[in-house]
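**Student:** Below is entry.tsv; it holds TSV, C-alpha atoms.
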chain	number	residue	atom	x	y	z
I	1	MET	CA	147.60	33.88	9.88
I	2	ASN	CA	144.10	32.71	10.66
I	3	ASN	CA	143.48	29.94	13.18
I	4	ILE	CA	140.75	27.65	11.89
I	5	ASP	CA	138.48	25.78	14.25
I	6	PRO	CA	136.54	23.27	12.13
I	7	GLN	CA	133.13	22.14	13.28
I	8	PRO	CA	133.18	18.87	15.22
I	9	SER	CA	132.35	15.87	13.06
I	10	SER	CA	130.45	12.80	14.16
I	11	ASN	CA	132.89	10.83	12.02
I	12	TYR	CA	135.69	11.35	14.55
I	13	CYS	CA	136.01	10.34	18.19
I	14	ILE	CA	137.49	13.75	19.14
I	15	ASP	CA	137.43	17.30	17.84
I	16	PHE	CA	139.76	20.27	18.06
I	17	GLN	CA	138.17	21.52	21.28
I	18	ASP	CA	138.95	18.19	22.96
I	19	VAL	CA	142.64	18.72	22.19
I	20	LEU	CA	142.55	22.30	23.45
I	21	ASP	CA	140.86	21.13	26.65
I	22	ALA	CA	143.51	18.44	27.09
I	23	SER	CA	146.25	21.03	26.63
I	24	THR	CA	144.82	23.11	29.45
I	25	LYS	CA	144.25	20.08	31.67
I	26	ILE	CA	147.77	18.65	31.51
I	27	LYS	CA	149.91	21.79	31.21
I	28	ASP	CA	150.82	22.03	34.91
I	29	ILE	CA	152.17	18.47	35.02
I	30	ALA	CA	153.34	17.51	31.53
I	31	ARG	CA	156.53	19.08	30.23
I	32	LYS	CA	156.57	21.55	27.37
I	33	THR	CA	159.22	19.76	25.34
I	34	PRO	CA	161.74	21.71	23.25
I	35	VAL	CA	161.83	22.22	19.50
I	36	MET	CA	165.26	21.72	17.93
I	37	THR	CA	166.76	22.68	14.57
I	38	CYS	CA	169.79	21.49	12.62
I	39	SER	CA	171.38	23.51	9.81
I	40	SER	CA	173.10	20.40	8.40
I	41	LEU	CA	169.78	18.64	7.98
I	42	ASP	CA	168.28	21.81	6.50
I	43	HIS	CA	171.02	21.71	3.87
I	44	LEU	CA	170.36	18.05	3.09
I	45	ALA	CA	166.67	18.93	2.67
I	46	ASN	CA	167.43	21.43	-0.13
I	47	ASN	CA	167.64	24.32	2.34
I	48	ARG	CA	164.18	23.80	3.78
I	49	ARG	CA	163.82	24.75	7.43
I	50	LEU	CA	163.23	21.68	9.57
I	51	PHE	CA	161.94	21.66	13.13
I	52	PHE	CA	161.98	18.70	15.52
I	53	LYS	CA	159.71	18.34	18.55
I	54	VAL	CA	161.75	16.38	21.12
I	55	GLU	CA	159.20	14.24	22.95
I	56	ALA	CA	161.97	12.00	24.24
I	57	LEU	CA	162.38	14.70	26.90
I	58	GLN	CA	158.77	14.30	28.04
I	59	ARG	CA	158.17	12.66	31.42
I	60	THR	CA	158.81	8.89	31.16
I	61	GLY	CA	160.68	9.61	27.91
I	62	SER	CA	157.68	9.49	25.62
I	63	PHE	CA	154.67	11.44	24.32
I	64	LYS	CA	152.59	8.64	25.84
I	65	PHE	CA	152.58	10.52	29.14
I	66	ARG	CA	150.37	13.25	27.64
I	67	GLY	CA	147.58	10.88	26.71
I	68	ALA	CA	147.74	8.87	29.92
I	69	LEU	CA	147.63	12.02	32.04
I	70	ASN	CA	144.69	13.52	30.15
I	71	ALA	CA	142.80	10.25	30.41
I	72	ILE	CA	143.29	9.98	34.17
I	73	LEU	CA	142.55	13.64	34.93
I	74	SER	CA	139.45	13.50	32.72
I	75	LEU	CA	138.30	10.37	34.51
I	76	MET	CA	138.74	12.06	37.87
I	77	ASP	CA	136.68	15.02	36.69
I	78	ASP	CA	133.90	12.65	35.63
I	79	VAL	CA	133.65	10.84	38.98
I	80	GLU	CA	130.75	12.41	40.90
I	81	ASN	CA	132.09	11.51	44.35
I	82	LYS	CA	135.31	13.52	44.54
I	83	ASN	CA	136.44	11.48	47.56
I	84	GLU	CA	136.11	8.23	45.68
I	85	GLU	CA	139.28	6.30	44.88
I	86	VAL	CA	140.06	6.04	41.18
I	87	HIS	CA	141.45	2.78	39.81
I	88	VAL	CA	142.77	2.48	36.27
I	89	VAL	CA	144.16	-0.48	34.36
I	90	THR	CA	145.93	-0.89	31.07
I	91	HIS	CA	148.05	-3.43	29.22
I	92	SER	CA	151.42	-2.49	27.81
I	93	SER	CA	154.97	-3.73	27.64
I	94	GLY	CA	156.65	-0.36	27.71
I	95	ASN	CA	156.01	3.35	27.24
I	96	HIS	CA	152.26	3.42	27.88
I	97	ALA	CA	152.76	1.28	30.97
I	98	ALA	CA	155.21	3.76	32.45
I	99	ALA	CA	153.06	6.70	31.38
I	100	VAL	CA	149.94	5.41	33.14
I	101	ALA	CA	151.87	4.54	36.29
I	102	LEU	CA	153.47	7.99	36.61
I	103	ALA	CA	150.37	9.88	35.48
I	104	ALA	CA	148.35	8.13	38.18
I	105	ARG	CA	150.88	9.07	40.86
I	106	LEU	CA	151.21	12.70	39.80
I	107	ALA	CA	147.46	13.13	39.32
I	108	SER	CA	146.98	11.76	42.83
I	109	GLU	CA	149.54	14.21	44.24
I	110	LYS	CA	147.93	17.15	42.45
I	111	THR	CA	144.33	16.39	43.41
I	112	LYS	CA	144.99	14.79	46.82
I	113	ARG	CA	142.85	11.84	45.74
I	114	LYS	CA	144.02	8.24	45.62
I	115	VAL	CA	144.62	6.91	42.13
I	116	GLU	CA	145.64	3.29	41.75
I	117	ALA	CA	147.19	2.05	38.51
I	118	THR	CA	147.45	-1.62	37.58
I	119	ILE	CA	149.52	-2.51	34.54
I	120	VAL	CA	149.18	-5.84	32.77
I	121	MET	CA	152.58	-6.63	31.27
I	122	PRO	CA	153.91	-9.61	29.30
I	123	ASP	CA	156.22	-11.88	31.26
I	124	ASN	CA	159.03	-11.14	28.82
I	125	ALA	CA	158.82	-7.35	29.10
I	126	PRO	CA	162.25	-5.63	29.26
I	127	LEU	CA	163.50	-5.33	32.82
I	128	ILE	CA	164.14	-1.60	32.40
I	129	LYS	CA	160.46	-1.11	31.54
I	130	VAL	CA	159.31	-3.25	34.47
I	131	ASN	CA	161.53	-1.34	36.89
I	132	GLY	CA	160.25	1.94	35.48
I	133	VAL	CA	156.62	1.03	36.14
I	134	LYS	CA	157.46	-0.14	39.67
I	135	GLY	CA	159.46	3.00	40.33
I	136	PHE	CA	156.55	5.17	39.27
I	137	GLY	CA	154.25	3.37	41.68
I	138	GLY	CA	152.30	1.11	39.35
I	139	SER	CA	151.15	-2.40	40.32
I	140	ILE	CA	152.13	-5.04	37.77
I	141	VAL	CA	150.34	-8.22	36.81
I	142	PHE	CA	152.38	-10.46	34.51
I	143	VAL	CA	150.75	-12.62	31.84
I	144	GLU	CA	151.77	-14.69	28.86
I	145	SER	CA	153.10	-12.60	25.98
I	146	THR	CA	149.99	-12.64	23.79
I	147	ASN	CA	147.40	-9.96	23.08
I	148	GLU	CA	144.64	-12.34	24.16
I	149	ALA	CA	146.23	-12.95	27.56
I	150	ARG	CA	146.68	-9.22	28.15
I	151	GLU	CA	143.09	-8.41	27.23
I	152	ILE	CA	141.63	-11.22	29.33
I	153	MET	CA	143.55	-10.15	32.42
I	154	ALA	CA	142.72	-6.46	31.95
I	155	ASP	CA	139.02	-7.33	31.60
I	156	LYS	CA	139.26	-9.44	34.76
I	157	ILE	CA	140.71	-6.53	36.74
I	158	VAL	CA	137.99	-4.22	35.42
I	159	ASP	CA	135.33	-6.68	36.61
I	160	GLN	CA	136.90	-7.48	39.97
I	161	LYS	CA	138.06	-4.02	41.06
I	162	GLY	CA	135.78	-1.70	39.13
I	163	ALA	CA	138.79	-0.28	37.36
I	164	VAL	CA	138.57	1.84	34.21
I	165	PHE	CA	140.52	0.53	31.24
I	166	ILE	CA	142.76	3.00	29.39
I	167	HIS	CA	143.66	1.72	25.95
I	168	PRO	CA	147.14	2.74	24.74
I	169	SER	CA	145.90	4.29	21.50
I	170	GLU	CA	142.13	3.88	21.06
I	171	ASP	CA	140.88	5.83	24.09
I	172	LYS	CA	139.54	9.21	22.97
I	173	ARG	CA	141.01	10.90	26.06
I	174	VAL	CA	144.41	9.47	25.20
I	175	ILE	CA	144.12	10.60	21.58
I	176	ALA	CA	143.22	14.14	22.67
I	177	GLY	CA	146.16	14.18	25.05
I	178	GLN	CA	148.60	13.09	22.35
I	179	GLY	CA	147.29	15.90	20.15
I	180	THR	CA	148.74	18.45	22.55
I	181	VAL	CA	152.16	17.82	20.99
I	182	CYS	CA	151.23	19.92	17.96
I	183	ILE	CA	149.39	22.54	20.00
I	184	GLU	CA	152.79	23.30	21.50
I	185	PHE	CA	154.74	22.64	18.31
I	186	VAL	CA	152.89	25.17	16.14
I	187	GLU	CA	153.14	27.83	18.85
I	188	GLN	CA	156.87	27.20	19.37
I	189	VAL	CA	157.70	27.31	15.66
I	190	ARG	CA	155.75	30.57	15.30
I	191	GLU	CA	157.79	32.04	18.14
I	192	MET	CA	161.02	30.88	16.48
I	193	ILE	CA	160.35	32.21	12.98
I	194	GLY	CA	157.72	34.88	13.62
I	195	PHE	CA	154.43	35.10	11.76
I	196	VAL	CA	156.16	36.94	8.91
I	197	GLY	CA	158.06	33.74	8.23
I	198	GLY	CA	154.90	31.77	7.59
I	199	ASP	CA	153.58	28.63	9.23
I	200	LEU	CA	154.54	25.00	8.96
I	201	ASP	CA	154.05	23.66	5.44
I	202	ALA	CA	154.15	19.97	6.38
I	203	VAL	CA	154.36	17.84	9.50
I	204	ILE	CA	155.61	14.24	9.57
I	205	ILE	CA	154.11	12.12	12.35
I	206	PRO	CA	155.31	8.58	13.21
I	207	VAL	CA	152.62	5.93	13.40
I	208	GLY	CA	152.48	2.97	15.75
I	209	GLY	CA	149.08	2.42	17.34
I	210	GLY	CA	147.77	5.59	15.70
I	211	GLY	CA	146.88	7.68	18.75
I	212	LEU	CA	149.66	10.21	18.20
I	213	ALA	CA	148.82	10.57	14.52
I	214	ALA	CA	145.08	10.90	15.08
I	215	GLY	CA	145.29	13.47	17.85
I	216	ASN	CA	147.82	15.64	16.08
I	217	ALA	CA	146.06	15.48	12.73
I	218	VAL	CA	143.02	16.97	14.48
I	219	ALA	CA	145.20	19.58	16.21
I	220	LEU	CA	146.92	20.62	12.98
I	221	ARG	CA	143.68	20.93	11.04
I	222	GLY	CA	142.25	23.00	13.88
I	223	LEU	CA	145.25	25.33	14.00
I	224	LEU	CA	146.29	25.54	10.35
I	225	GLY	CA	143.35	24.20	8.36
I	226	THR	CA	144.20	22.63	5.01
I	227	HIS	CA	147.31	24.81	4.65
I	228	VAL	CA	149.49	22.17	6.30
I	229	LYS	CA	150.27	18.77	4.79
I	230	VAL	CA	150.16	15.92	7.29
I	231	ARG	CA	152.37	12.96	6.40
I	232	LEU	CA	152.39	9.71	8.39
I	233	ALA	CA	155.60	7.69	8.76
I	234	TYR	CA	155.01	3.98	9.27
Using structure tokens, write down the structure from this file.

**Tutor:**
Amino acid sequence: MNNIDPQPSSNYCIDFQDVLDASTKIKDIARKTPVMTCSSLDHLANNRRLFFKVEALQRTGSFKFRGALNAILSLMDDVENKNEEVHVVTHSSGNHAAAVALAARLASEKTKRKVEATIVMPDNAPLIKVNGVKGFGGSIVFVESTNEAREIMADKIVDQKGAVFIHPSEDKRVIAGQGTVCIEFVEQVREMIGFVGGDLDAVIIPVGGGGLAAGNAVALRGLLGTHVKVRLAY
């Protein structure tokens, strides 16, 4: 099996090397989540072999942690004054909010530098999500439950505190971080079936904001070229 590393394209915000760099950057903090199989589902799929990457077992319960962590660690690398406090802000009602809050705390513990995370959340956010963000050490600012209100408040915090905004799905550092799912996935499946068993023929990726799909499409093309079919589930 040949690994294919396509040339970076100016048409994309990230390339395969960005995903590989993210994989290296986050590996000591993010969990390597398991890959599961199910013979009953294989049978229902006309005896195809199915593999499931269980990102629900990632820190905070979501793949979102990968992207948030890569974004924050990358930001810290970019700051010239290594003693300077890093302040990030985002808007989210759930998984990304928790991911940024915990990523900021763990990045701070690893680097011994202060990282402050402010999360703009709608005033009707589920209590379990609010408590999660607080428990992870994030500061919450509540706003009306509209996209406009979230964006206005996030912009205000950026202006007032010099914070860096981390978009849930459109930040290139987040997208690269999400792409690490398939860096692990391809490696794990190869270990399970051996190279003699071939590689993945198709990968189905759920789509919400698009960050997971974009990052892993780049990762899969970099690892498997056009051999693998990438299907998006809306």

**Student:** Grab all the atoms of stretch 177-195 of chain I that the file lists, wrap them in a box along x, y and z, add 4 Å per side, and give me centre plus edge lengths in Å (one decimal) as JSON.

**Tutor:**
{"center_x": 153.6, "center_y": 24.1, "center_z": 18.4, "size_x": 22.9, "size_y": 30.0, "size_z": 21.3}

**Student:** Given all atoms listed in the file as the basis, pick out the residue of I:Leu75, I:Val86, I:Leu200, I:Ala163 nearest to I:Leu223.

**Tutor:** I:Leu200

**Student:** What gap, in Å, lies between atom CA of I:Asp21 and atom CA of I:Val203?

**Tutor:** 22.1 Å

**Student:** Which residues of stretch 86-193 of chain I come within 12 Å of stretch 43-60 of chain I, and for each one, what is the closest pair of atoms and their distance in Å to one decimal, counting all atoms listed in the file, sorted by chain and residue number, as a tab-separated table?

**Tutor:**
residue	atom	partner	partner_atom	distance
I:Gly94	CA	I:Thr60	CA	10.1
I:Asn95	CA	I:Thr60	CA	7.3
I:His96	CA	I:Thr60	CA	9.1
I:Ala97	CA	I:Thr60	CA	9.7
I:Ala98	CA	I:Thr60	CA	6.4
I:Ala99	CA	I:Thr60	CA	6.2
I:Val100	CA	I:Thr60	CA	9.7
I:Ala101	CA	I:Thr60	CA	9.7
I:Leu102	CA	I:Thr60	CA	7.7
I:Ala103	CA	I:Arg59	CA	9.2
I:Leu106	CA	I:Arg59	CA	10.9
I:Ile128	CA	I:Thr60	CA	11.8
I:Lys129	CA	I:Thr60	CA	10.1
I:Gly132	CA	I:Thr60	CA	8.3
I:Val133	CA	I:Thr60	CA	9.6
I:Gly135	CA	I:Thr60	CA	10.9
I:Phe136	CA	I:Thr60	CA	9.2
I:Gln178	CA	I:Glu55	CA	10.7
I:Thr180	CA	I:Glu55	CA	11.3
I:Val181	CA	I:Lys53	CA	8.0
I:Cys182	CA	I:Lys53	CA	8.6
I:Ile183	CA	I:Lys53	CA	11.2
I:Glu184	CA	I:Lys53	CA	9.0
I:Phe185	CA	I:Lys53	CA	6.6
I:Val186	CA	I:Lys53	CA	9.9
I:Glu187	CA	I:Lys53	CA	11.5
I:Gln188	CA	I:Lys53	CA	9.3
I:Val189	CA	I:Phe51	CA	7.5
I:Arg190	CA	I:Phe51	CA	11.1
I:Met192	CA	I:Phe51	CA	9.9
I:Ile193	CA	I:Arg49	CA	9.9

**Student:** Provide the atom CA of I:Lys134 to atom CA of I:Ile175 distance in Å, to one decimal place.

**Tutor:**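 Atom-to-atom, atom CA of I:Lys134 and atom CA of I:Ile175 are spaced 24.9 Å apart.
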
**Student:** Excluding I:Thr111 and residues on its chain fewer than 2 positions from it, collect all residues at most 12 Å away from it, counting only C-alpha atoms, and give them as a list in words.

**Tutor:** Ile29, Ile72, Leu73, Met76, Asp77, Lys82, Asn83, Glu84, Glu85, Val86, Ala103, Ala104, Arg105, Leu106, Ala107, Ser108, Glu109, Arg113, Lys114 and Val115 of chain I

**Student:** Contacts of stretch 230-233 of chain I at 7 Å or less, counting only C-alpha atoms, minus same-chain residues fewer than 5 places along, as a PDB file with C-alpha atoms, keeping the file's coordinate frame?

**Tutor:**
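Heads up, here's the output in out-v2.pdb:
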ATOM      1  CA  ALA I 202     154.150  19.970   6.380  1.00  0.00           C
ATOM      2  CA  VAL I 203     154.360  17.840   9.500  1.00  0.00           C
ATOM      3  CA  ILE I 204     155.610  14.240   9.570  1.00  0.00           C
ATOM      4  CA  ILE I 205     154.110  12.120  12.350  1.00  0.00           C
ATOM      5  CA  PRO I 206     155.310   8.580  13.210  1.00  0.00           C
ATOM      6  CA  VAL I 207     152.620   5.930  13.400  1.00  0.00           C
ATOM      7  CA  ALA I 217     146.060  15.480  12.730  1.00  0.00           C
TER       8      ALA I 217
END

**Student:** Nearest to I:Ala68 among I:Thr90, I:Gln17, I:Asn81, I:Gln160, with distances taken over all atoms listed in the file: which residue is it?

**Tutor:**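 Answer, going by the shortest atom-to-atom distance: I:Thr90.
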
**Student:** Mind checking which residues fall within 6 Å of I:Gly67, counting all atoms listed in the file, ignoring those fewer than 2 positions away in the same chain, and posting them as a ChimeraX atom specification?

**Tutor:** /I:64-65,69-70,174,177-178

**Student:** Next, dump the selected residues to file, keeping only C-alpha atoms, as a JSON list (two decimals), in the frame of the given file.

**Tutor:**
[["chain", "number", "residue", "atom", "x", "y", "z"],
["I", 64, "LYS", "CA", 152.59, 8.64, 25.84],
["I", 65, "PHE", "CA", 152.58, 10.52, 29.14],
["I", 69, "LEU", "CA", 147.63, 12.02, 32.04],
["I", 70, "ASN", "CA", 144.69, 13.52, 30.15],
["I", 174, "VAL", "CA", 144.41, 9.47, 25.20],
["I", 177, "GLY", "CA", 146.16, 14.18, 25.05],
["I", 178, "GLN", "CA", 148.60, 13.09, 22.35]]

**Student:** Mind giving me the straight-line distance from atom CA of I:Val88 to atom CA of I:Ala117 in Å, one decimal?

**Tutor:**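 Distance reported for this atom pair: 5.0 Å.
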
**Student:** When distances are computed from all atoms listed in the file, which of I:Ala219, I:Leu127, I:Val89, I:Ala176 shows the smallest separation from I:Arg150?

**Tutor:**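 So, comparing all the options, the nearest one is I:Val89.
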
**Student:** Give as an NGL selection string each residue that has an atom at most 6 Å from (152.3, 15.1, 29.4) in the file, counting all atoms listed in the file.

**Tutor:** :I and (30-31 or 65-66)

**Student:** Taking all atoms listed in the file into account, which of I:Ile157, I:Leu212, I:Val141, I:Ala149 comes nearest I:Gly179?

**Tutor:**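 Closest candidate: I:Leu212.
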